[in-house]
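One structure is given below, encoded as structure tokens.
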Amino acid sequence: MNPIYANAQVEISRAFARAIAPRKPMRVSEWSTRHRRLSRKGSSIPGEWRNDRNPLLVEIMDCFSARSAVHDVVAMLPIQFGKSEMEANILGYTMCENPQPIMVVLPGEVSANKWIDQKLNPLVDETPAIQGVLTSTNSRESSNRRSFKDFEGGQLYIEHAGNPVRLKGTSAGLILVDEFSSFATQLKSGDDPDEMLNGRTSAFPNYKRFKVGTPEIAGLCRVSALYGESDQRRWHWPCPDCGHEQPFEWSGLHWTPDGQRCWYACRECGVVIEEHQKTRLIAAGRWVPGNPGAKIRGYHANALYYPMGLGPRWLDLVQMWLAAQGDPAKLKTFINDRLAEPWEDGSTKKAKANIIKDRLETYRLRVAPISVLAVTAGVDTQDDRLAVQILGWGRGMTCWVLDYVELSGDPADDEVWARLVDLLSRPIPHARGGYVHVEASAIDAGGHRTEAVKNFCRQRRIRRAMCIFGAKPNNAPVLGRPKLEDVNYKGKLDKKGVHIYQVGTVGIKQWLFPRLGADADRAPEARLIHFTEDLDDFYIDGLVSEKYDPRKNRYEKVRGGVRNEPLDTFVYAYAATHHQDLRLHRATAADWDAREQRIIDLAKGDWEVVSRGTHASAPADDLPPSPDVDSRETSTTQSAAASVPAVVMPARVALDAILCRIEREPMSRVSLAELASWRHAAAGTPAEDAVLGALVDQLDGEPQAPIVALLPRELCDRAREVLRGPAPVAPRRFVRGTRSAGVR
């Protein structure tokens, strides 16, 4: 055989062997080095891709290799760190080496078009390997549209998260999400775009999802919230002096007072590290998880990791930091874009649930402390309940939370409204011995059972019931001017109908949250908002369940937080203080003194007003003698405790006190002094006196037994009916054209 001719059998065998040989495993970083070229349109250093320019990106990209077991990855990185180029590498590798349906998602349509022009089109133009797998590169073909590419073994979809229709009906094995923090809180359909994206991979067991972005506002930021659920990896490098592994942190960077020189200090040995050493230290580093065991891979780096020549120098960052001091907008931009950390407003940084729980006070619910001089209520209406909050107010608009209750029941029914009337009509005992009433209530009618709220406010069954809606303008006043809603048979506004009030919720929250934060550093007696230890964790968590978003100039619900009814009802109760008949926010010292004197007169106590806000108690000689007490701290003079009390309690107050004791402290025991005050209660109706007498007779049988064991349920139900009273009958309205006896 002529040696210049090839052996056909050998060549055929080699071709057959290459065809059936398993594909050599390749990682994303290897594919990028072999095939990827950076375009002048999107890179300052065009040419071949080099992994050693930014070693931090290698492990992140390799999580999306075909044989990687990682499913979910989140990256919280600074701007201009190579996030988009890393996504392009993952996209090209998947199209060539691991073909499957791919979906690239961006926050909006504008950002999606920009990504196609700046990233996708240069990637296809500069990468022959990608051109080889595309079904067609002709723009006239349906398989090669602007937001859709068809390739061998898969399809590429470019979508935006602003429309729920764009996120439905598509299955994908790989999802690349860019600028994840900018996704909407919820879509117009009420769906969460993140959950909709997660559902797109349900049909692929080996799915992979990559969500990357720079953080934004703490509590509202999606990427920082997802990073908190991940294994929280940070790049650790070894100290050149002691070998201690540590990440670059902004607190470790030091500079001279004039900002002309800076250096990094090892947190273990304190050795000075110059910026020129950064390249070698980063090359010797590795990703170290801070929360090992989490299913999600999370990566975080800041601007101190910028490769030399591909980002601002350390000294430039110091100049940016110094220039941002005193300017909240610049400071937020620096923290978000350069440090890759979520922004938190300094004025509300201490308005957190755990800090508030540490300063709870010992006063009891539904008992007004000594400084409370007025009471208002806020009601939030839901489909199956009414959330009610009662607040007490004192000088300087100091506030005490007196109660928070959720009344279950559909507001379309009358039963839950009758229970609301009962709750808000009960007098609240005052620490001085008298009692106070709820003077105004704001009931939300926006979105849930609007007509039921209007109907309740028309009936005027409680004092100053206001039907309110949240105002759309962010600069709306706390309480707008009331507007008539009803019309009479002539088509004119009915002056006796319901009034609608607009409430500026944004302004009230901007009043509330700084006060919550400032109270953390104040003494208990100097705090502006007081909370009792009887409040549960749900209330405290719900009160701080929203964060301020400066982009929208509104408060948004914290991601993963509890329901915000405690915050909403607090806002409504504060709005009720601005009622035109109260105007507590404009009350003068004389007005507060007059309120205080009325409470003193009602209690009939011997209190002398020494100065505004301070009092002198009665002299010691005027105090009644204390009864004899034995070793078990029980009184030996029963007659003194059973004597007629100095202050006669109204019968309705006595009934309310007994029912509150049954509901809140069923295992408590009634003292002889309480029994005597209830027995001698007066000024009640015949029905009230009768049921009160029956209750006292039951309690007088065995004083040492719990109150719940002494009072039968039927008698308590009868007391509730008497205390609540019959619901007022709405006046009949005659339609024009009908006739009735005695009415024209």
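Chain labels A, B, ... are given in the sequence in which chains occur in the structure tokens; within each chain residues are numbered consecutively from 1, and ligands are likewise numbered from 1 in the order shown.
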
Practice prompt. Determine, counting only C-alpha atoms, which protein, DNA and RNA residues have an atom within 9 Å of an atom of stretch 302-312 of chain A; residues of the same chain fewer than 5 positions away are not included. Present the result as a list in words.
Written response: Ser44, Ile45, Arg53, Asn54, Leu56, Met76, Leu77, Pro78, Ile79, Gln80, Phe81, Trp235, Phe248, Glu249, Trp250, Leu253, Glu275, His276, Lys278, Thr279, Ile282, Leu317, Asp337, Arg338, Leu339, Ala340 and Glu341 of chain A

Name the residues in contact with stretch 254-259 of chain A at a cut-off of 12 Å, using only C-alpha atoms, excluding same-chain residues fewer than 3 positions from it; report them as a tab-separated table (two decimals) with all heavy atoms, in the first residue's frame.
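Below is the file that was written, result-v5.tsv:
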chain	number	residue	atom	x	y	z
A	249	GLU	N	-12.76	44.27	54.76
A	249	GLU	CA	-13.90	44.99	55.31
A	249	GLU	C	-13.60	46.48	55.32
A	249	GLU	O	-12.45	46.90	55.51
A	249	GLU	CB	-14.22	44.50	56.73
A	249	GLU	CG	-14.64	43.03	56.80
A	249	GLU	CD	-14.85	42.57	58.23
A	249	GLU	OE1	-14.30	43.22	59.14
A	249	GLU	OE2	-15.56	41.57	58.42
A	250	TRP	N	-14.64	47.28	55.13
A	250	TRP	CA	-14.43	48.72	55.09
A	250	TRP	C	-13.89	49.25	56.41
A	250	TRP	O	-13.11	50.22	56.43
A	250	TRP	CB	-15.74	49.41	54.72
A	250	TRP	CG	-15.60	50.89	54.58
A	250	TRP	CD1	-16.08	51.86	55.40
A	250	TRP	CD2	-14.89	51.59	53.54
A	250	TRP	NE1	-15.74	53.11	54.95
A	250	TRP	CE2	-15.00	52.96	53.79
A	250	TRP	CE3	-14.18	51.16	52.42
A	250	TRP	CZ2	-14.44	53.93	52.98
A	250	TRP	CZ3	-13.61	52.12	51.60
A	250	TRP	CH2	-13.73	53.48	51.87
A	251	SER	N	-14.28	48.62	57.51
A	251	SER	CA	-13.79	49.08	58.82
A	251	SER	C	-12.30	48.83	58.99
A	251	SER	O	-11.68	49.44	59.86
A	251	SER	CB	-14.57	48.37	59.94
A	251	SER	OG	-14.42	46.97	59.84
A	262	CYS	N	-3.80	55.97	52.46
A	262	CYS	CA	-4.62	54.95	53.13
A	262	CYS	C	-3.90	53.62	53.11
A	262	CYS	O	-3.00	53.38	52.28
A	262	CYS	CB	-6.00	54.84	52.47
A	262	CYS	SG	-5.97	54.20	50.79
A	263	TRP	N	-4.30	52.73	53.98
A	263	TRP	CA	-3.73	51.39	54.10
A	263	TRP	C	-4.74	50.49	54.80
A	263	TRP	O	-5.71	50.96	55.40
A	263	TRP	CB	-2.41	51.43	54.88
A	263	TRP	CG	-2.58	51.89	56.30
A	263	TRP	CD1	-2.79	51.14	57.41
A	263	TRP	CD2	-2.61	53.25	56.74
A	263	TRP	NE1	-2.93	51.92	58.53
A	263	TRP	CE2	-2.82	53.22	58.14
A	263	TRP	CE3	-2.46	54.50	56.10
A	263	TRP	CZ2	-2.89	54.39	58.90
A	263	TRP	CZ3	-2.54	55.64	56.87
A	263	TRP	CH2	-2.75	55.58	58.25
A	264	TYR	N	-4.50	49.20	54.71
A	264	TYR	CA	-5.36	48.21	55.38
A	264	TYR	C	-4.58	47.58	56.52
A	264	TYR	O	-3.38	47.30	56.37
A	264	TYR	CB	-5.83	47.13	54.40
A	264	TYR	CG	-7.00	46.33	54.91
A	264	TYR	CD1	-8.31	46.75	54.68
A	264	TYR	CD2	-6.81	45.16	55.64
A	264	TYR	CE1	-9.39	46.03	55.16
A	264	TYR	CE2	-7.88	44.43	56.11
A	264	TYR	CZ	-9.18	44.87	55.88
A	264	TYR	OH	-10.24	44.15	56.37
A	265	ALA	N	-5.27	47.34	57.64
A	265	ALA	CA	-4.64	46.76	58.83
A	265	ALA	C	-5.22	45.38	59.09
A	265	ALA	O	-6.44	45.21	59.11
A	265	ALA	CB	-4.84	47.67	60.04
A	266	CYS	N	-4.34	44.40	59.29
A	266	CYS	CA	-4.77	43.05	59.64
A	266	CYS	C	-5.49	43.08	60.98
A	266	CYS	O	-4.99	43.67	61.95
A	266	CYS	CB	-3.57	42.11	59.67
A	266	CYS	SG	-3.95	40.44	60.29
A	267	ARG	N	-6.63	42.46	61.06
A	267	ARG	CA	-7.40	42.50	62.31
A	267	ARG	C	-6.84	41.56	63.36
A	267	ARG	O	-7.28	41.61	64.51
A	267	ARG	CB	-8.85	42.15	62.03
A	267	ARG	CG	-9.10	40.74	61.53
A	267	ARG	CD	-10.57	40.55	61.21
A	267	ARG	NE	-10.88	39.20	60.75
A	267	ARG	CZ	-12.08	38.82	60.32
A	267	ARG	NH1	-13.06	39.71	60.28
A	267	ARG	NH2	-12.31	37.58	59.93
A	270	GLY	N	-2.44	43.43	63.11
A	270	GLY	CA	-2.35	44.87	62.90
A	270	GLY	C	-1.30	45.31	61.90
A	270	GLY	O	-1.03	46.51	61.80
A	271	VAL	N	-0.71	44.40	61.16
A	271	VAL	CA	0.32	44.77	60.19
A	271	VAL	C	-0.30	45.63	59.08
A	271	VAL	O	-1.46	45.45	58.71
A	271	VAL	CB	0.99	43.52	59.61
A	271	VAL	CG1	0.01	42.73	58.76
A	271	VAL	CG2	2.22	43.88	58.80
A	272	VAL	N	0.47	46.57	58.58
A	272	VAL	CA	0.01	47.46	57.51
A	272	VAL	C	0.11	46.74	56.18
A	272	VAL	O	1.16	46.15	55.84
A	272	VAL	CB	0.83	48.76	57.49
A	272	VAL	CG1	0.46	49.60	56.28
A	272	VAL	CG2	0.60	49.55	58.77
A	273	ILE	N	-0.99	46.77	55.41
A	273	ILE	CA	-1.04	46.13	54.09
A	273	ILE	C	-1.32	47.23	53.07
A	273	ILE	O	-2.33	47.92	53.14
A	273	ILE	CB	-2.14	45.06	54.04
A	273	ILE	CG1	-1.87	43.97	55.09
A	273	ILE	CG2	-2.24	44.44	52.65
A	273	ILE	CD1	-2.98	42.96	55.23
A	274	GLU	N	-0.40	47.38	52.12
A	274	GLU	CA	-0.54	48.37	51.08
A	274	GLU	C	-1.38	47.80	49.93
A	274	GLU	O	-1.50	46.59	49.77
A	274	GLU	CB	0.82	48.82	50.57
A	274	GLU	CG	1.70	49.47	51.63
A	274	GLU	CD	1.19	50.81	52.10
A	274	GLU	OE1	0.29	51.38	51.43
A	274	GLU	OE2	1.67	51.31	53.14
A	275	GLU	N	-1.93	48.69	49.12
A	275	GLU	CA	-2.82	48.24	48.05
A	275	GLU	C	-2.07	47.44	46.99
A	275	GLU	O	-2.66	46.54	46.37
A	275	GLU	CB	-3.52	49.43	47.41
A	275	GLU	CG	-4.61	49.01	46.42
A	275	GLU	CD	-5.37	50.17	45.85
A	275	GLU	OE1	-4.94	51.33	46.05
A	275	GLU	OE2	-6.41	49.94	45.20
A	314	TRP	N	-8.12	52.25	46.33
A	314	TRP	CA	-8.55	52.43	47.72
A	314	TRP	C	-8.62	53.92	48.06
A	314	TRP	O	-9.55	54.35	48.75
A	314	TRP	CB	-7.57	51.72	48.65
A	314	TRP	CG	-7.75	50.23	48.66
A	314	TRP	CD1	-8.69	49.52	47.99
A	314	TRP	CD2	-6.97	49.30	49.39
A	314	TRP	NE1	-8.55	48.18	48.24
A	314	TRP	CE2	-7.50	48.00	49.10
A	314	TRP	CE3	-5.88	49.39	50.23
A	314	TRP	CZ2	-6.97	46.84	49.64
A	314	TRP	CZ3	-5.35	48.23	50.78
A	314	TRP	CH2	-5.89	46.97	50.49
A	315	LEU	N	-7.65	54.70	47.60
A	315	LEU	CA	-7.65	56.11	47.92
A	315	LEU	C	-8.83	56.82	47.27
A	315	LEU	O	-9.41	57.76	47.85
A	315	LEU	CB	-6.33	56.74	47.46
A	315	LEU	CG	-5.99	58.11	48.06
A	315	LEU	CD1	-5.98	58.05	49.57
A	315	LEU	CD2	-4.66	58.62	47.52
A	316	ASP	N	-9.21	56.38	46.08
A	316	ASP	CA	-10.40	56.95	45.44
A	316	ASP	C	-11.66	56.65	46.25
A	316	ASP	O	-12.56	57.50	46.38
A	316	ASP	CB	-10.55	56.41	44.02
A	316	ASP	CG	-9.38	56.79	43.13
A	316	ASP	OD1	-8.77	57.84	43.39
A	316	ASP	OD2	-9.07	56.03	42.19
A	317	LEU	N	-11.73	55.44	46.78
A	317	LEU	CA	-12.89	55.08	47.61
A	317	LEU	C	-12.94	55.93	48.88
A	317	LEU	O	-14.02	56.32	49.34
A	317	LEU	CB	-12.82	53.59	47.97
A	317	LEU	CG	-12.94	52.62	46.79
A	317	LEU	CD1	-12.70	51.18	47.27
A	317	LEU	CD2	-14.30	52.71	46.13
A	318	VAL	N	-11.78	56.21	49.45
A	318	VAL	CA	-11.74	57.05	50.65
A	318	VAL	C	-12.26	58.45	50.32
A	318	VAL	O	-13.03	59.04	51.09
A	318	VAL	CB	-10.31	57.11	51.22
A	318	VAL	CG1	-10.20	58.17	52.31
A	318	VAL	CG2	-9.91	55.75	51.76
A	319	GLN	N	-11.87	58.99	49.16
A	319	GLN	CA	-12.35	60.31	48.77
A	319	GLN	C	-13.86	60.29	48.56
A	319	GLN	O	-14.56	61.25	48.93
A	319	GLN	CB	-11.64	60.75	47.48
A	319	GLN	CG	-10.13	60.88	47.61
A	319	GLN	CD	-9.70	61.98	48.56
A	319	GLN	OE1	-10.46	62.91	48.83
A	319	GLN	NE2	-8.49	61.88	49.08
A	320	MET	N	-14.39	59.22	47.98
A	320	MET	CA	-15.84	59.10	47.82
A	320	MET	C	-16.54	59.07	49.17
A	320	MET	O	-17.59	59.70	49.37
A	320	MET	CB	-16.19	57.84	47.03
A	320	MET	CG	-15.69	57.82	45.61
A	320	MET	SD	-16.12	56.24	44.82
A	320	MET	CE	-15.18	56.36	43.30
A	321	TRP	N	-15.97	58.33	50.11
A	321	TRP	CA	-16.57	58.21	51.43
A	321	TRP	C	-16.59	59.56	52.15
A	321	TRP	O	-17.60	59.94	52.75
A	321	TRP	CB	-15.80	57.17	52.24
A	321	TRP	CG	-16.21	57.09	53.67
A	321	TRP	CD1	-15.60	57.67	54.74
A	321	TRP	CD2	-17.33	56.38	54.21
A	321	TRP	NE1	-16.26	57.37	55.90
A	321	TRP	CE2	-17.33	56.58	55.60
A	321	TRP	CE3	-18.34	55.61	53.65
A	321	TRP	CZ2	-18.29	56.02	56.43
A	321	TRP	CZ3	-19.30	55.05	54.48
A	321	TRP	CH2	-19.27	55.26	55.85
A	322	LEU	N	-15.50	60.27	52.10
A	322	LEU	CA	-15.43	61.57	52.78
A	322	LEU	C	-16.38	62.57	52.13
A	322	LEU	O	-17.00	63.39	52.83
A	322	LEU	CB	-14.00	62.09	52.74
A	322	LEU	CG	-12.96	61.26	53.51
A	322	LEU	CD1	-11.57	61.85	53.34
A	322	LEU	CD2	-13.32	61.17	54.99
A	323	ALA	N	-16.52	62.52	50.80
A	323	ALA	CA	-17.42	63.44	50.12
A	323	ALA	C	-18.89	63.14	50.41
A	323	ALA	O	-19.75	64.02	50.29
A	323	ALA	CB	-17.17	63.40	48.61

Worksheet entry | Residue list (alpha helix (DSSP H), DSSP) for stretch 118-335 of chain A, as a ChimeraX atom specification | /A:121-126,128-133,193-198,222-228,278-283,314-324,328-335

Discussion item. So that I can see what lies close to A:Val74, please list as a list in words the residues with an atom at most 8 Å from it, counting only C-alpha atoms and leaving out residues fewer than 3 positions away in the same chain.
Written reply: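 What passes the distance filter is Phe210, Lys211, Val212, Val223, Leu226, Tyr227, Ser230, Ile296, Arg297, Gly298 and Tyr299 of chain A.
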
Output N, CA, C and O atoms for every residue in that selection, as a short mmCIF file (atom, residue, chain, number, x, y, z; two decimals), in the first residue's frame.
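Output (again37.cif):
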data_model
loop_
_atom_site.label_atom_id
_atom_site.label_comp_id
_atom_site.auth_asym_id
_atom_site.auth_seq_id
_atom_site.Cartn_x
_atom_site.Cartn_y
_atom_site.Cartn_z
N PHE A 210 -29.65 31.66 39.04
CA PHE A 210 -28.60 32.61 39.42
C PHE A 210 -29.23 33.99 39.56
O PHE A 210 -29.79 34.53 38.60
N LYS A 211 -29.16 34.56 40.77
CA LYS A 211 -29.73 35.87 41.05
C LYS A 211 -28.63 36.78 41.57
O LYS A 211 -27.99 36.48 42.57
N VAL A 212 -28.41 37.86 40.86
CA VAL A 212 -27.27 38.73 41.14
C VAL A 212 -27.73 40.17 41.15
O VAL A 212 -28.72 40.53 40.49
N VAL A 223 -32.06 40.89 47.14
CA VAL A 223 -30.79 40.17 47.06
C VAL A 223 -30.16 40.01 48.44
O VAL A 223 -29.59 38.95 48.76
N LEU A 226 -32.16 37.27 50.30
CA LEU A 226 -31.81 35.93 49.84
C LEU A 226 -30.40 35.55 50.28
O LEU A 226 -30.14 34.39 50.62
N TYR A 227 -29.50 36.52 50.30
CA TYR A 227 -28.14 36.25 50.80
C TYR A 227 -28.17 35.86 52.27
O TYR A 227 -27.37 35.02 52.71
N SER A 230 -28.58 32.21 52.59
CA SER A 230 -27.57 31.38 51.93
C SER A 230 -26.46 31.01 52.90
O SER A 230 -26.53 31.31 54.11
N ILE A 296 -28.61 27.26 49.70
CA ILE A 296 -28.34 28.29 48.69
C ILE A 296 -26.89 28.74 48.82
O ILE A 296 -26.40 28.99 49.93
N ARG A 297 -26.20 28.84 47.69
CA ARG A 297 -24.85 29.40 47.66
C ARG A 297 -24.95 30.92 47.60
O ARG A 297 -25.63 31.47 46.73
N GLY A 298 -24.28 31.60 48.51
CA GLY A 298 -24.30 33.05 48.53
C GLY A 298 -22.89 33.63 48.51
O GLY A 298 -22.01 33.16 49.23
N TYR A 299 -22.66 34.64 47.69
CA TYR A 299 -21.35 35.26 47.54
C TYR A 299 -21.48 36.77 47.74
O TYR A 299 -22.40 37.40 47.21
#

Worksheet item: Nearest to A:Trp393 among A:Ile90, A:Ile500, A:Val708, A:Leu373, with distances taken over only C-alpha atoms: which residue is it?
Response: A:Leu373
